Structures are given as structure tokens and as C-alpha cells.
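> This is the content of query.txt (compact mmCIF, C-alpha atoms and all ligand atoms):
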```
# COMPACT_ATOMS: atom_id res chain seq x y z
CA PRO C 1 -7.63 61.26 75.00
CA ARG C 2 -9.07 58.23 73.20
CA ALA C 3 -8.28 59.48 69.75
CA SER C 4 -4.63 59.80 70.68
CA ARG C 5 -4.46 56.39 72.34
CA VAL C 6 -5.86 54.29 69.58
CA PRO C 7 -3.03 54.73 67.07
CA HIS C 8 -0.64 53.76 69.87
CA ALA C 9 -2.88 50.74 70.46
CA ARG C 10 -2.52 49.67 66.86
CA GLU C 11 1.17 49.07 67.41
CA SER C 12 1.08 47.48 70.82
CA LEU C 13 -2.31 45.85 71.29
CA ARG C 14 -2.60 42.10 71.43
CA VAL C 15 -5.83 40.15 71.11
CA SER C 16 -6.95 36.55 71.27
CA PHE C 17 -10.27 34.98 70.34
CA GLU C 18 -12.16 32.14 71.98
CA PHE C 19 -14.39 29.69 70.08
CA PHE C 20 -16.36 26.63 71.07
CA PRO C 21 -16.41 23.37 69.11
CA PRO C 22 -19.47 23.20 66.81
CA LYS C 23 -22.15 20.55 67.31
CA THR C 24 -23.77 20.59 63.89
CA GLU C 25 -22.74 21.19 60.31
CA GLU C 26 -24.50 24.54 60.35
CA MET C 27 -22.63 25.61 63.49
CA GLU C 28 -19.41 24.41 61.91
CA LYS C 29 -20.06 26.68 58.92
CA THR C 30 -20.73 29.68 61.20
CA LEU C 31 -17.55 28.96 63.16
CA TRP C 32 -15.36 28.79 60.08
CA GLU C 33 -16.83 31.93 58.58
CA SER C 34 -15.99 33.66 61.86
CA VAL C 35 -12.48 32.22 62.01
CA GLU C 36 -11.85 33.39 58.43
CA ARG C 37 -13.21 36.87 59.15
CA LEU C 38 -11.16 37.33 62.32
CA ALA C 39 -7.92 35.63 61.21
CA PRO C 40 -6.57 38.66 59.26
CA LEU C 41 -6.56 40.63 62.53
CA ARG C 42 -3.63 38.39 63.48
CA PRO C 43 -4.58 37.40 67.03
CA ASP C 44 -1.84 36.10 69.30
CA PHE C 45 -3.77 32.85 69.54
CA VAL C 46 -7.29 31.47 69.18
CA SER C 47 -8.59 29.14 71.85
CA VAL C 48 -11.11 26.32 71.63
CA THR C 49 -13.15 25.37 74.71
CA TYR C 50 -13.59 21.91 76.18
CA GLY C 51 -17.20 20.95 76.93
CA ALA C 52 -18.39 20.33 80.46
CA GLY C 53 -17.10 17.02 81.79
CA GLY C 54 -14.90 16.54 78.75
CA SER C 55 -18.00 16.10 76.58
CA THR C 56 -16.35 17.67 73.54
CA ARG C 57 -13.01 15.90 73.74
CA GLU C 58 -13.09 14.77 70.08
CA ARG C 59 -14.77 17.92 68.77
CA THR C 60 -12.31 20.20 70.56
CA HIS C 61 -9.44 18.18 69.15
CA ALA C 62 -10.88 18.21 65.63
CA THR C 63 -11.41 22.00 65.75
CA VAL C 64 -7.89 22.64 67.07
CA LYS C 65 -6.46 20.32 64.41
CA ARG C 66 -8.35 22.09 61.64
CA ILE C 67 -7.05 25.46 62.85
CA LEU C 68 -3.52 24.05 62.74
CA ASP C 69 -3.94 22.46 59.33
CA GLU C 70 -5.94 25.12 57.49
CA THR C 71 -4.95 28.47 58.96
CA ALA C 72 -1.83 30.36 60.00
CA LEU C 73 -3.35 30.88 63.47
CA THR C 74 -1.87 29.56 66.71
CA PRO C 75 -4.45 27.41 68.48
CA ALA C 76 -4.76 27.01 72.23
CA ALA C 77 -6.72 23.95 73.39
CA HIS C 78 -8.78 24.22 76.58
CA LEU C 79 -8.58 21.15 78.79
CA THR C 80 -10.29 20.26 82.08
CA CYS C 81 -9.54 17.51 84.58
CA VAL C 82 -13.12 16.91 85.73
CA ALA C 83 -14.42 13.30 85.61
CA ALA C 84 -11.24 11.87 84.09
CA THR C 85 -8.25 9.89 85.33
CA ARG C 86 -4.76 11.30 85.07
CA ASP C 87 -4.01 8.79 82.33
CA GLU C 88 -7.00 9.91 80.27
CA VAL C 89 -6.05 13.57 80.61
CA ASP C 90 -2.40 12.78 79.90
CA ASP C 91 -3.41 10.98 76.69
CA VAL C 92 -5.23 14.12 75.51
CA VAL C 93 -2.15 16.23 76.28
CA ARG C 94 0.14 13.79 74.44
CA GLU C 95 -2.18 13.84 71.40
CA TYR C 96 -2.00 17.63 71.37
CA LEU C 97 1.77 17.64 71.70
CA ALA C 98 2.06 15.12 68.85
CA ALA C 99 -0.25 17.25 66.67
CA GLY C 100 1.97 20.31 67.22
CA VAL C 101 -0.21 22.18 69.72
CA ARG C 102 1.97 24.32 71.99
CA HIS C 103 -0.59 26.16 74.13
CA ILE C 104 -3.15 24.71 76.54
CA VAL C 105 -5.70 26.58 78.65
CA ALA C 106 -5.80 24.40 81.78
CA LEU C 107 -8.94 24.37 83.90
CA ARG C 108 -10.43 22.34 86.67
CA GLY C 109 -13.88 22.31 85.11
CA ASP C 110 -17.33 22.31 86.71
CA PRO C 111 -18.86 19.43 88.67
CA VAL C 112 -20.56 16.90 86.40
CA ALA C 113 -23.77 17.25 88.44
CA GLY C 114 -23.82 20.94 87.47
CA ILE C 115 -22.62 24.32 88.67
CA GLY C 116 -23.58 24.85 92.29
CA THR C 117 -23.06 21.23 93.35
CA ALA C 118 -19.93 20.27 95.28
CA TYR C 119 -16.86 19.51 93.20
CA ALA C 120 -15.12 16.23 93.88
CA PRO C 121 -11.95 15.38 92.00
CA HIS C 122 -11.93 12.07 90.12
CA PRO C 123 -10.33 9.51 92.47
CA GLY C 124 -7.52 8.85 89.99
CA GLY C 125 -7.47 12.31 88.48
CA TYR C 126 -5.77 15.66 88.80
CA VAL C 127 -7.20 17.32 91.91
CA ASN C 128 -7.43 20.88 90.63
CA ALA C 129 -6.25 23.26 87.93
CA ALA C 130 -2.82 23.80 89.55
CA ASP C 131 -2.23 20.04 89.63
CA LEU C 132 -3.25 19.87 85.95
CA VAL C 133 -0.87 22.70 84.99
CA GLY C 134 2.00 20.80 86.66
CA GLY C 135 1.03 17.59 84.84
CA ILE C 136 0.95 19.31 81.44
CA LYS C 137 4.34 20.95 82.03
CA ARG C 138 5.89 17.61 83.07
CA LEU C 139 4.49 15.81 80.02
CA ALA C 140 5.90 18.46 77.69
CA GLU C 141 9.26 18.28 79.43
CA ALA C 142 9.28 14.49 79.05
CA GLU C 143 8.77 15.00 75.30
CA LYS C 144 11.55 17.60 75.32
CA THR C 145 9.26 20.35 74.14
CA ASP C 146 7.87 23.50 75.66
CA ILE C 147 4.23 24.27 76.13
CA GLU C 148 2.55 27.51 77.11
CA VAL C 149 -0.13 27.06 79.76
CA SER C 150 -2.82 29.66 80.41
CA VAL C 151 -5.29 29.49 83.28
CA SER C 152 -8.47 31.18 84.53
CA ALA C 153 -8.76 34.17 86.86
CA TYR C 154 -11.84 35.61 88.55
CA PRO C 155 -12.04 39.38 89.14
CA GLU C 156 -15.24 38.82 91.16
CA ARG C 157 -14.00 35.60 92.79
CA HIS C 158 -14.90 32.10 91.74
CA PRO C 159 -18.40 31.26 93.08
CA GLU C 160 -16.95 28.39 95.18
CA SER C 161 -14.27 30.54 96.68
CA PRO C 162 -14.70 31.41 100.36
CA SER C 163 -12.54 34.56 100.15
CA ASP C 164 -10.37 36.72 97.90
CA ALA C 165 -7.31 35.33 99.66
CA VAL C 166 -8.21 31.70 98.84
CA ASP C 167 -8.90 32.70 95.26
CA LEU C 168 -5.50 34.37 94.92
CA ASP C 169 -3.81 31.38 96.58
CA MET C 170 -5.24 29.17 93.82
CA LEU C 171 -4.02 31.56 91.13
CA ALA C 172 -0.58 31.67 92.78
CA ALA C 173 -0.49 27.85 92.90
CA LYS C 174 -1.26 27.71 89.17
CA VAL C 175 1.55 30.16 88.44
CA ASP C 176 3.95 28.19 90.66
CA ALA C 177 3.01 25.08 88.66
CA GLY C 178 4.00 26.81 85.41
CA ALA C 179 1.09 28.90 84.13
CA SER C 180 2.32 31.97 82.26
CA ARG C 181 -0.94 33.79 81.51
CA ALA C 182 -4.35 34.09 83.12
CA ILE C 183 -7.52 34.95 81.25
CA THR C 184 -10.34 36.40 83.30
CA GLN C 185 -13.95 35.45 83.55
CA PHE C 186 -15.94 38.12 81.75
CA PHE C 187 -16.92 41.25 83.67
CA PHE C 188 -18.67 44.50 82.76
CA ASP C 189 -17.44 46.86 85.45
CA ASN C 190 -13.85 47.76 84.64
CA ASP C 191 -13.19 48.97 88.19
CA LEU C 192 -13.71 45.40 89.41
CA TYR C 193 -11.01 44.16 87.04
CA LEU C 194 -8.53 46.92 87.89
CA ARG C 195 -9.01 46.44 91.64
CA TYR C 196 -8.51 42.70 91.16
CA LEU C 197 -5.33 43.39 89.20
CA ASP C 198 -4.06 45.46 92.15
CA ARG C 199 -4.73 42.54 94.52
CA VAL C 200 -3.02 40.07 92.16
CA ARG C 201 0.10 42.25 91.94
CA ALA C 202 0.09 42.87 95.72
CA ARG C 203 0.09 39.06 96.14
CA GLY C 204 3.32 38.96 94.09
CA ILE C 205 1.76 37.38 90.97
CA ASP C 206 3.30 38.95 87.89
CA ILE C 207 1.95 37.03 84.88
CA PRO C 208 -0.36 38.85 82.44
CA ILE C 209 -3.98 38.85 83.64
CA VAL C 210 -5.76 39.26 80.33
CA PRO C 211 -9.30 40.65 80.55
CA GLY C 212 -11.92 38.34 79.05
CA ILE C 213 -14.39 40.47 77.09
CA LEU C 214 -17.86 39.20 76.27
CA PRO C 215 -19.62 41.23 73.58
CA VAL C 216 -23.24 40.68 74.57
CA GLN C 217 -24.92 39.05 71.57
CA ASN C 218 -27.85 37.95 73.68
CA PHE C 219 -28.46 39.75 76.96
CA LYS C 220 -30.83 37.14 78.43
CA LEU C 221 -28.28 34.37 77.86
CA ALA C 222 -25.41 36.48 79.16
CA ARG C 223 -27.37 37.25 82.32
CA ALA C 224 -28.16 33.56 82.89
CA PHE C 225 -24.53 32.61 82.33
CA ALA C 226 -23.24 35.42 84.54
CA GLY C 227 -25.43 34.18 87.39
CA LYS C 228 -23.76 30.77 87.27
CA ALA C 229 -20.25 32.09 86.72
CA GLY C 230 -20.35 34.56 89.59
CA ALA C 231 -20.06 37.58 87.30
CA SER C 232 -22.25 40.55 88.17
CA ILE C 233 -24.54 42.36 85.76
CA PRO C 234 -24.54 46.08 86.59
CA GLY C 235 -27.93 47.80 86.67
CA TRP C 236 -26.83 50.20 83.91
CA LEU C 237 -26.14 47.24 81.60
CA ALA C 238 -29.57 45.70 82.16
CA ASP C 239 -31.04 49.14 81.54
CA ARG C 240 -29.28 49.47 78.19
CA PHE C 241 -30.83 46.24 76.92
CA ASP C 242 -34.19 46.93 78.52
CA GLY C 243 -37.12 46.55 76.13
CA LEU C 244 -35.01 45.14 73.28
CA ASP C 245 -35.88 41.43 73.65
CA ASP C 246 -37.70 41.45 70.31
CA ASP C 247 -35.41 43.92 68.56
CA PRO C 248 -32.22 42.09 67.59
CA SER C 249 -30.85 44.77 65.28
CA THR C 250 -30.95 47.52 67.95
CA ARG C 251 -29.61 44.99 70.47
CA LYS C 252 -26.61 44.42 68.26
CA LEU C 253 -25.89 48.14 67.96
CA ILE C 254 -26.14 48.50 71.73
CA ALA C 255 -23.90 45.46 72.22
CA ALA C 256 -21.24 47.00 69.97
CA ALA C 257 -21.47 50.32 71.83
CA VAL C 258 -21.18 48.63 75.24
CA ALA C 259 -18.20 46.47 74.25
CA ALA C 260 -16.47 49.41 72.55
CA GLU C 261 -16.93 51.59 75.59
CA GLN C 262 -15.57 48.89 77.89
CA VAL C 263 -12.51 48.11 75.80
CA LEU C 264 -11.62 51.74 75.01
CA ASP C 265 -11.87 52.59 78.70
CA LEU C 266 -9.49 49.72 79.52
CA VAL C 267 -7.06 50.96 76.85
CA ASP C 268 -7.25 54.44 78.39
CA ARG C 269 -6.38 52.84 81.70
CA GLY C 270 -3.31 51.05 80.35
CA VAL C 271 -4.58 47.62 79.27
CA THR C 272 -2.95 46.33 76.09
CA GLU C 273 -4.12 42.72 75.85
CA PHE C 274 -7.67 41.41 75.36
CA HIS C 275 -9.27 37.97 75.09
CA PHE C 276 -12.63 38.00 73.32
CA TYR C 277 -15.36 35.44 74.00
CA THR C 278 -16.62 35.37 70.43
CA MET C 279 -19.48 32.84 70.86
CA ASN C 280 -18.33 31.80 67.36
CA ARG C 281 -19.57 35.08 65.85
CA ALA C 282 -17.24 37.55 64.21
CA ASP C 283 -19.15 40.77 63.65
CA LEU C 284 -19.11 42.46 67.09
CA VAL C 285 -15.55 41.35 67.83
CA TYR C 286 -14.37 42.49 64.41
CA ALA C 287 -15.97 45.90 64.91
CA VAL C 288 -14.47 46.38 68.37
CA CYS C 289 -11.03 45.33 67.11
CA HIS C 290 -11.40 47.80 64.24
CA LEU C 291 -12.07 50.55 66.79
CA LEU C 292 -8.89 49.50 68.54
CA GLY C 293 -7.00 50.10 65.32
CA LEU C 294 -6.54 46.44 64.38
CA ARG C 295 -6.71 46.03 60.62
CA PRO C 296 -6.09 43.23 58.15
CA PRO C 297 -2.73 43.63 56.45
CA ALA C 298 -2.97 45.87 53.39
CA THR C 299 -3.21 43.77 50.26
CA VAL C 300 -1.05 44.63 47.29
CA PRO C 301 -3.44 45.48 44.43
CA THR C 302 -3.19 43.06 41.57
CA ALA C 303 -2.95 44.28 37.98
CA ALA C 304 -6.43 42.85 37.32
CA ALA C 305 -7.95 44.72 40.27
CA GLU C 306 -6.27 47.96 39.18
CA ALA C 307 -7.55 47.56 35.66
CA ALA C 308 -11.08 46.99 36.97
CA ALA C 309 -10.93 50.07 39.25
P1 LIG L 401 -9.51 26.62 89.76
O1 LIG L 401 -8.58 27.66 89.27
O2 LIG L 401 -8.95 25.32 90.19
O3 LIG L 401 -10.36 27.18 90.95
C1 LIG L 401 -11.06 28.40 90.79
C2 LIG L 401 -11.38 28.95 92.18
O4 LIG L 401 -12.29 28.09 92.86
C3 LIG L 401 -10.18 29.04 93.05
O5 LIG L 401 -9.59 30.28 92.90
C4 LIG L 401 -10.74 28.82 94.43
O6 LIG L 401 -11.07 30.05 94.99
C5 LIG L 401 -11.98 28.03 94.22
N1 LIG L 401 -11.77 26.64 94.60
C6 LIG L 401 -11.53 25.61 93.77
N2 LIG L 401 -11.40 24.48 94.46
C7 LIG L 401 -11.58 24.80 95.75
C8 LIG L 401 -11.58 24.07 96.95
N3 LIG L 401 -11.36 22.75 96.95
N4 LIG L 401 -11.79 24.73 98.11
C9 LIG L 401 -12.03 26.06 98.12
N5 LIG L 401 -12.04 26.80 97.00
C10 LIG L 401 -11.81 26.19 95.84
N6 LIG L 401 -14.97 25.20 81.73
C11 LIG L 401 -15.02 24.13 80.90
O7 LIG L 401 -15.65 23.11 81.23
N7 LIG L 401 -14.40 24.16 79.67
C12 LIG L 401 -13.68 25.23 79.25
O8 LIG L 401 -13.14 25.20 78.14
C13 LIG L 401 -13.59 26.36 80.10
N8 LIG L 401 -12.87 27.45 79.74
C14 LIG L 401 -12.75 28.52 80.62
C15 LIG L 401 -11.96 29.61 80.24
C16 LIG L 401 -11.82 30.70 81.09
C17 LIG L 401 -10.93 31.85 80.67
C18 LIG L 401 -12.51 30.71 82.35
C19 LIG L 401 -12.40 31.90 83.26
C20 LIG L 401 -13.30 29.63 82.73
C21 LIG L 401 -13.43 28.51 81.87
N9 LIG L 401 -14.19 27.39 82.24
C22 LIG L 401 -14.26 26.32 81.37
C23 LIG L 401 -14.95 27.37 83.49
C24 LIG L 401 -14.20 26.66 84.64
O9 LIG L 401 -14.01 25.30 84.33
C25 LIG L 401 -15.04 26.79 85.89
O10 LIG L 401 -15.11 28.12 86.32
C26 LIG L 401 -14.65 25.89 87.05
O11 LIG L 401 -15.66 25.96 88.05
C27 LIG L 401 -13.34 26.25 87.72
O12 LIG L 401 -12.26 25.87 86.97
P2 LIG L 401 -10.87 26.67 87.19
O13 LIG L 401 -9.81 26.04 86.42
O14 LIG L 401 -11.13 28.08 87.02
O15 LIG L 401 -10.66 26.30 88.75
```
Take the structure in the file and write it out as C-alpha cells.
Ligand code: FAD

Amino acid sequence: PRASRVPHARESLRVSFEFFPPKTEEMEKTLWESVERLAPLRPDFVSVTYGAGGSTRERTHATVKRILDETALTPAAHLTCVAATRDEVDDVVREYLAAGVRHIVALRGDPVAGIGTAYAPHPGGYVNAADLVGGIKRLAEAEKTDIEVSVSAYPERHPESPSDAVDLDMLAAKVDAGASRAITQFFFDNDLYLRYLDRVRARGIDIPIVPGILPVQNFKLARAFAGKAGASIPGWLADRFDGLDDDPSTRKLIAAAVAAEQVLDLVDRGVTEFHFYTMNRADLVYAVCHLLGLRPPATVPTAAAEAAA
């Protein structure tokens, strides 16, 4: 069944890629090599994260601006409301609007004291992600422009969430405030995502809930991050990476196989949109997209190239 689904996927599949703002010149080089490698796959958009507590405000902006100026890609800027007044957050939104950015991924953010500590909104700030979505929409309206706002979704519940119902209430509030797409926290068990999707639809939420896919470049890191993010690591996944800590080349092959299996299974089960957490690396994501039938546009051979062939 897969072989017959992939050509269909080529026509109808949509992907987006997530990057983080680089800290050093070397990381900047890696990021841009990845952006250039992935750009010909024509993603719907590429998003750039916002560091904890707004720590990357300038770097996120600079990365988004460079994507706008130097590529044909559509950037989406992540923005959080943690540890900032409304005015400070509004200024960031206005700067993005002025620069021509038309897509923001709006998040509450994690407590400054670290994940696991209690979150307290800034006294003069947006109280949560839904409040932030509303603020962004109002600012765009005041500037007589439209802005697309995406938000987070948690197939395994946000770690702070007391119940599935509270979690879905928050997602519904974000949609009511104007969010038109949700991107999920990464997950490895597709059943968890599909069951979550059923709950979301039963709650009357009808925006796209795009699965966030994390190709596992580094299993140890992914496991540590999953623990904080409330994402589970299935035993079979740990088993696949077992014994490979000092064997990066086999790890990479396994990572490609795992991500391919996950994404092809989702395609088989009707999913047509994917958001990839690239970790600023292109190779695994490029390979998985290739499996999905995504290809760079065919280039017209030049006379010189034909003569050389
Ligand atoms: P919300 O949607 O506001 O809340 C998430 C859930 O937490 C709710 O569903 C609810 O169940 C629970 N909750 C929240 N507040 C309360 C409350 N007062 N009482 C009870 N339950 C509550 N972080 C960054 O710093 N920068 C980024 O660029 C970034 N990008 C992300 C992109 C994606 C796709 C995802 C999934 C996460 C991202 N994060 C990012 C992480 C995010 O900031 C954290 O998960 C944060 O803890 C929650 O932010 P949120 O917008 O998801 O919160």
C-alpha cells in the first residue's frame, strides 16, 4: 500500500521545517547550509524558534529577516510571552509586521526558573498563549494587515496540564483567539497522535493539527528533552538505539529508518502535513522528504551542461 500512496503524497503533501537561531558563526554556517539544502523542497513555511525567556529575541529576528531577504521561503517567527510586558511583546510583533513577516508561532513559553517550576505570567504581560494570539491578531488588524498564527498542541498532554480536558480547553481558547494551525510536540507512537486528533475533533476544534516530527539525530539528547517536554520514549525506540552511543554512522541510519517508518505510517493513515524539527541539520529531513516523494524542481539543462555530458 505504501508504494501506491507515495506518488499521491507527492501531489498533496505539505511540509514545514523548524530551525533555531544560531549562537556562533559555525552554527550559522551549518544553519544556512541546511536552509539551502531544504529550500528546493518548497516547504509551506520555515519557522525559527524563540529562546527560553526571550533570550534570542535579536537572533530570532535576524534569522527570520535573513530568510526573508535571501530566500524565497516564507518564514514563521516563534514568539513567547514569558518574562516580558505586553508592550515589549507588542514591539516585537510590530517589528515583524514592518519587516513583512506574516506568520507567527505564538507560545506561552517555559518558566524562567526552568521547566518543572511553577509558571507565573509577567505582571504586565500576556497571561498565556491564547491571550498572546489575541494580542497578535489585534495588532495586525490595527495595521490593516493579516497575520497567520500557529500554536502548540500536545498529543500526550502538556506536563503542567491536570487533564486532557484542560489541555483541550487551552487549545480551543487559542483557536477562539485566532490561531489557524497547531503544531504538535514531537511523539514517536503514532497511535497517541491519532487518538489525540480524535479528541480534538470531538471537542469541535477543526484547525489542522500538524504532527511535529523529530528525526532523532542524538538519542540521548532526545530522551532528555522528551522527559522535560512530557513526550514518551517507547521501549522499542530505546531498543533500536541501544548500544550505538559510540557509533554515529549506524545511529544516523537507524534514525532515518525510524523517521521514515513513522512518517510513511502517518501517510498511510491519512496525514498529509508534517512539521519537521530539523535541529538545523538537513540530511535526515531531506531523506525522509525524498521518501515522501518531495523533490527539488527539475532544472532545465543548460547548453553548457549538455555539452559536458
Ligand atoms: P499553552 O498552550 O498556553 O499551555 C499548554 C498547556 O499547559 C495547556 O494546554 C494547559 O493544559 C497547560 N496549562 C498552561 N497554563 C496552565 C494553567 N495556568 N493552569 C493549568 N494548566 C495550564 N518554547 C520556547 O521558549 N520557544 C519556542 O520557540 C518554542 N516553540 C515551540 C513550538 C512547538 C510546536 C511546541 C509544541 C512547543 C514550543 N515551545 C517553545 C515550548 C513551549 O513554550 C512550552 O511547552 C511551554 O511550557 C508551553 O507553552 P504553550 O504555548 O504550549 O502553552
> Give me, as JSON, numbers by chain, all polymer residues having an atom no more than 6 Å from range 276-281 of chain C, counting all atoms listed in the file and skipping those fewer than 6 positions away in the same chain.
{"C": [17, 18, 19, 31, 34, 212, 213, 214]}
> Between C:Asp191, C:Asp131, C:Asp245, C:Glu58, which has the minimum distance to Gly178 in chain C (counting all atoms listed in the file)?
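Of C:Asp191, C:Asp131, C:Asp245, C:Glu58, the one nearest Gly178 in chain C is C:Asp131, counting all atoms listed in the file.
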> In Å, rounded to a single decimal, give me how far CA of Ala77 in chain C is from CA of Ala140 in chain C.
14.4 Å
> Under the rule that all atoms listed in the file are counted, which of C:Gln262, C:Thr24, C:Thr85, C:Thr184 is the nearest residue to Arg59 in chain C?
C:Thr24
> Mind dumping a table of every range 18-134 of chain C residue within 10 Å of range 284-296 of chain C, with the nearest atom pair and its distance in Å to one decimal, using all atoms listed in the file, sorted by chain and rising number, as a tab-separated table?

```
residue	atom	partner	partner_atom	distance
C:Ser34	CA	C:Tyr286	CA	9.3
C:Arg37	CA	C:Tyr286	CA	7.8
C:Leu38	CA	C:Tyr286	CA	6.4
C:Ala39	CA	C:Pro296	CA	8.4
C:Pro40	CA	C:Pro296	CA	4.7
C:Leu41	CA	C:Pro296	CA	5.1
C:Arg42	CA	C:Pro296	CA	7.6
C:Pro43	CA	C:Leu294	CA	9.6
```
> Starting from the point (-9.0, 39.1, 100.1), work out which residues of protein, DNA or RNA have an atom no more than 12 Å away when counting only C-alpha atoms; state them as a list in words.
Pro155, Glu156, Arg157, Ser161, Pro162, Ser163, Asp164, Ala165, Val166, Asp167, Leu168, Asp169, Arg195, Tyr196, Asp198, Arg199, Val200, Ala202 and Arg203 of chain C
> Just how far from CA of Ala153 in chain C is atom C9 of ligand LIG 401 (chain L), in Å to one decimal?
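Computing it gives 14.3 Å between the two atoms.
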> Can you work out which one of C:Thr30, C:Thr56, C:Thr74, C:Thr145 has the shortest atom-to-atom distance to ligand LIG 401 (chain L), counting only C-alpha atoms and all ligand atoms?
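Distance minimum relative to ligand LIG 401 (chain L) lands on C:Thr56.
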> Grab the atom N1 of ligand LIG 401 (chain L) to CA of Ser232 in chain C distance for me, in Å with one decimal place.
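If I compute the distance from atom N1 of ligand LIG 401 (chain L) to CA of Ser232 in chain C, I get 18.6 Å.
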> Would you please work out which residue, of C:Val271, C:Ala282, C:Ala62, C:Leu79, is nearest to ligand LIG 401 (chain L) when using only C-alpha atoms and all ligand atoms?
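Answer, going by the shortest atom-to-atom distance: C:Leu79.
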> Would you be able to write out as a PyMOL selection string which residues have an atom within 12 Å of (-6.7, 49.8, 83.6) in the file's coordinates, counting only C-alpha atoms?
chain C and resi 189-198+209-211+262-274
> When distances are computed from all atoms listed in the file, which of C:Arg14, C:Arg94, C:His103, C:Arg108 shows the smallest separation from ligand LIG 401 (chain L)?
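Among C:Arg14, C:Arg94, C:His103, C:Arg108, it is C:Arg108 that comes nearest to ligand LIG 401 (chain L).
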> Taking 6 positions as the minimum chain separation for residues in the same chain, which residues sit within 10 Å of Asp90 in chain C when counting all atoms listed in the file? Answer as number ranges by chain.
C: 81, 84, 96, 125-126, 132, 135-136, 139
